[in-house]
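Remarks on the structure that follows.
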Amino acid sequence: MGLDRNLQRPVRLTLKRQSASYYIDGILKQDRVILSQAITLIESTRKEDYQLAQEVIEGCLPHTGNSTRIGITGVPGVGKSTFIEAFGKELTSQGNKVAVLAIDPTSQSSRGSILGDKTRMNELATDANAFIRPSASGNTLGGVAQKTQESLLLCEAAGYNYIIIETVGVGQSETEVKNLTDFFLLLMIAGAGDELQGIKRGIMEMADAILINKAEGDILPLAKQAQRAYKNAIHLFPPKDSDWIVPVELCSALNKTGIKEVISIIESYKNKTTINGYFEENRNKQQIHWFTKKLNELILQDFYNESNNQDRIEKLKQAILSKQISPFDAANKAIDR
Ligand code: GDP
């Protein structure tokens, strides 16, 4: 739905659909407009769009997998978009193509806070080698993650060799982003305790690098102090399956210092994990994770939608409350065990 500006009433936007090969050819020719249209198709909730979207994805699949997928998180205000702009510009200046996607847990209830406004990344948004896409909306975080994953594949097929997935570090969406990416970067600022930054220990444990932003001017000594503290904290975490030692570095997204170093860190990570096999193993695990997650969701959906099951569950709930059956036995009976 859009808004008819003159009449101030909602109007249905007519979505003209093309053939699957139109989208696939356009994406493979690296046409940004068609890539954008294809992502809109993926994000559509219309049943009739689903099949077409899947055809497009399947047509693109053989051309996917060739990017470095980077997750970036940190609490609002830490400097994510300023960093992504500086980092993205550095990458494109080195001849790379960069796509930025977002997972925004807040977008389910509101219009969303990240990337909703492209002007947050002015320079990158106008860079011919960058593609910025605001967060997909959806009813569930899992749904948003699925659409983001599918969009990521299309971006890879369109030749983007660095894909950045941004999320707000408030604890809901990091696991999803971790499961979509190869490298997970946590942005922090000095002078605020972990609690103040709302970063949970679990998120710190997920990070492949911690970057203390706004490390400049008067704040520099504090930033260095924070760097030491985080380095010490990391020593206490269990070793990573990737065998990677998590670096803690300083940067200033505003002054564009420490940005090139992040690119080198990610390259070292990729080299190390490609050699020790973790890189591919992790991607394989992610594929199976999404498959299992979706399958579980569908099985549950089918089970609860079945009207016989609904009746049976209602009766069992009554039986539990009137103390005729234990909740555990009732669960067994609900699935005929
Ligand atoms: P986000 O909410 O995490 O995306 O944060 P933003 O990128 O929107 O940045 C929040 C504020 O911090 C803005 O006013 C930025 O200009 C500022 N900021 C971002 N990076 C730096 C930095 O490296 N140094 C300083 N001094 N300010 C910064």
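Letters A, B, ... mark the chains of the structure tokens in the order given; residue numbers begin at 1 per chain; ligand numbers begin at 1, in order shown.
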Q. Would you give me, as a PyMOL selection string, the residues in region 115-314 of chain A that DSSP reads as helix (DSSP H, G or I)?
A. chain A and resi 118-125+141-157+174-178+201-206+217-235+259-275+278-305+307-314
Q.
Can you pull out every residue with an atom within 6 Å of ligand 1? Use only C-alpha atoms and all ligand atoms and format it as a list in words.
A. Val75, Pro76, Gly77, Val78, Gly79, Lys80, Ser81, Thr82, Asn213, Lys214, Ser252, Ala253 and Leu254 of chain A
Q: Would you return as a PyMOL selection string the members of region 50-129 of chain A that DSSP assigns to strand (DSSP E or B) on this structure's backbone?
A: chain A and resi 68-74+98-103
Kindly save the residues from that selection, with C-alpha atoms included, as a CSV table (one decimal), in the first residue's frame.
chain,number,residue,atom,x,y,z
A,68,THR,CA,32.7,-12.1,2.2
A,69,ARG,CA,29.6,-11.8,4.3
A,70,ILE,CA,30.1,-9.5,7.3
A,71,GLY,CA,27.7,-8.9,10.2
A,72,ILE,CA,27.9,-5.6,12.0
A,73,THR,CA,26.3,-4.9,15.3
A,74,GLY,CA,26.4,-2.4,18.1
A,98,VAL,CA,29.6,-3.6,-1.6
A,99,ALA,CA,26.0,-4.4,-0.7
A,100,VAL,CA,24.5,-3.3,2.7
A,101,LEU,CA,21.4,-5.1,4.0
A,102,ALA,CA,19.8,-4.8,7.4
A,103,ILE,CA,18.0,-6.9,10.0
Q. What is the CA of Gln324 (chain A)-CA of Arg337 (chain A) distance in Å, reported with one decimal?
A. 17.4 Å
Which residues are close to region 22-39 of chain A, i.e. within 9 Å by only C-alpha atoms, leaving aside same-chain residues fewer than 6 positions away? Reply as an mmCIF file with N, CA, C and O atoms, in the first residue's frame.
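Full text of around_10.cif as output:
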data_model
loop_
_atom_site.group_PDB
_atom_site.id
_atom_site.type_symbol
_atom_site.label_atom_id
_atom_site.label_comp_id
_atom_site.auth_asym_id
_atom_site.auth_seq_id
_atom_site.Cartn_x
_atom_site.Cartn_y
_atom_site.Cartn_z
ATOM 1 N N ALA A 53 9.484 -15.818 -7.033
ATOM 2 C CA ALA A 53 10.673 -15.441 -6.251
ATOM 3 C C ALA A 53 11.610 -16.636 -6.103
ATOM 4 O O ALA A 53 12.832 -16.507 -6.249
ATOM 5 N N GLU A 55 11.868 -19.178 -8.095
ATOM 6 C CA GLU A 55 12.504 -19.463 -9.401
ATOM 7 C C GLU A 55 13.691 -18.544 -9.620
ATOM 8 O O GLU A 55 14.730 -18.956 -10.125
ATOM 9 N N VAL A 56 13.505 -17.279 -9.242
ATOM 10 C CA VAL A 56 14.594 -16.303 -9.415
ATOM 11 C C VAL A 56 15.784 -16.709 -8.544
ATOM 12 O O VAL A 56 16.935 -16.739 -9.006
ATOM 13 N N ILE A 57 15.497 -17.062 -7.294
ATOM 14 C CA ILE A 57 16.584 -17.447 -6.384
ATOM 15 C C ILE A 57 17.310 -18.675 -6.937
ATOM 16 O O ILE A 57 18.540 -18.718 -6.998
ATOM 17 N N GLY A 59 17.536 -19.692 -9.952
ATOM 18 C CA GLY A 59 18.308 -19.323 -11.144
ATOM 19 C C GLY A 59 19.624 -18.639 -10.777
ATOM 20 O O GLY A 59 20.609 -18.708 -11.509
ATOM 21 N N CYS A 60 19.619 -17.964 -9.636
ATOM 22 C CA CYS A 60 20.813 -17.226 -9.204
ATOM 23 C C CYS A 60 21.776 -18.090 -8.397
ATOM 24 O O CYS A 60 22.980 -17.806 -8.336
ATOM 25 N N HIS A 63 25.392 -18.912 -9.004
ATOM 26 C CA HIS A 63 26.313 -17.760 -9.065
ATOM 27 C C HIS A 63 26.530 -17.139 -7.695
ATOM 28 O O HIS A 63 26.955 -15.992 -7.589
ATOM 29 N N PHE A 131 25.424 -0.950 -3.050
ATOM 30 C CA PHE A 131 23.976 -1.167 -3.115
ATOM 31 C C PHE A 131 23.470 -1.200 -1.679
ATOM 32 O O PHE A 131 23.922 -2.015 -0.871
ATOM 33 N N ARG A 133 20.227 -1.466 0.869
ATOM 34 C CA ARG A 133 18.823 -1.869 0.902
ATOM 35 C C ARG A 133 18.299 -1.792 2.329
ATOM 36 O O ARG A 133 18.841 -2.439 3.223
ATOM 37 N N LYS A 147 14.279 -13.509 4.451
ATOM 38 C CA LYS A 147 14.283 -12.591 3.303
ATOM 39 C C LYS A 147 15.653 -11.952 3.121
ATOM 40 O O LYS A 147 16.103 -11.726 1.999
ATOM 41 N N GLU A 150 17.903 -14.482 1.441
ATOM 42 C CA GLU A 150 17.610 -14.612 0.018
ATOM 43 C C GLU A 150 18.101 -13.385 -0.747
ATOM 44 O O GLU A 150 18.650 -13.502 -1.850
ATOM 45 N N SER A 151 17.945 -12.201 -0.139
ATOM 46 C CA SER A 151 18.440 -10.981 -0.781
ATOM 47 C C SER A 151 19.958 -11.030 -0.920
ATOM 48 O O SER A 151 20.518 -10.603 -1.936
ATOM 49 N N LEU A 154 20.970 -12.952 -3.941
ATOM 50 C CA LEU A 154 20.803 -12.197 -5.185
ATOM 51 C C LEU A 154 21.924 -11.172 -5.342
ATOM 52 O O LEU A 154 22.430 -10.959 -6.446
ATOM 53 N N CYS A 155 22.312 -10.545 -4.232
ATOM 54 C CA CYS A 155 23.405 -9.557 -4.294
ATOM 55 C C CYS A 155 24.704 -10.232 -4.740
ATOM 56 O O CYS A 155 25.465 -9.679 -5.531
ATOM 57 N N ALA A 157 24.926 -12.902 -6.615
ATOM 58 C CA ALA A 157 24.797 -13.204 -8.044
ATOM 59 C C ALA A 157 25.005 -11.939 -8.875
ATOM 60 O O ALA A 157 25.445 -12.000 -10.023
ATOM 61 N N ALA A 158 24.701 -10.787 -8.284
ATOM 62 C CA ALA A 158 24.868 -9.510 -8.999
ATOM 63 C C ALA A 158 26.299 -8.970 -8.855
ATOM 64 O O ALA A 158 26.567 -7.825 -9.201
ATOM 65 N N GLY A 159 27.196 -9.791 -8.333
ATOM 66 C CA GLY A 159 28.615 -9.437 -8.344
ATOM 67 C C GLY A 159 29.115 -8.678 -7.123
ATOM 68 O O GLY A 159 30.258 -8.218 -7.114
ATOM 69 N N TYR A 160 28.291 -8.536 -6.104
ATOM 70 C CA TYR A 160 28.773 -7.854 -4.887
ATOM 71 C C TYR A 160 29.660 -8.827 -4.118
ATOM 72 O O TYR A 160 29.219 -9.919 -3.778
#
Q. Skipping near chain neighbours, those fewer than 4 positions away, what residues fall within 10 Å of Asp241 (chain A) using only C-alpha atoms, listed as a ChimeraX atom specification?
A. /A:273,278,282
Q: Enter the distance from CA of Ile325 (chain A) to CA of Arg312 (chain A), in Å, rounded to one decimal.
A: 13.5 Å
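With distances restricted to only C-alpha atoms, A:Arg17 is the closest residue to Ser44 (chain A) from A:Phe328, A:Arg17, A:Lys256, A:Ala86.
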Q) Of the candidates A:Ser93, A:Ser21, A:Thr45, A:Ser326, which shows the shortest atom-to-atom distance to Glu58 (chain A), using only C-alpha atoms? A)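 Once distances to Glu58 (chain A) are computed over only C-alpha atoms, the minimum belongs to A:Ser21.
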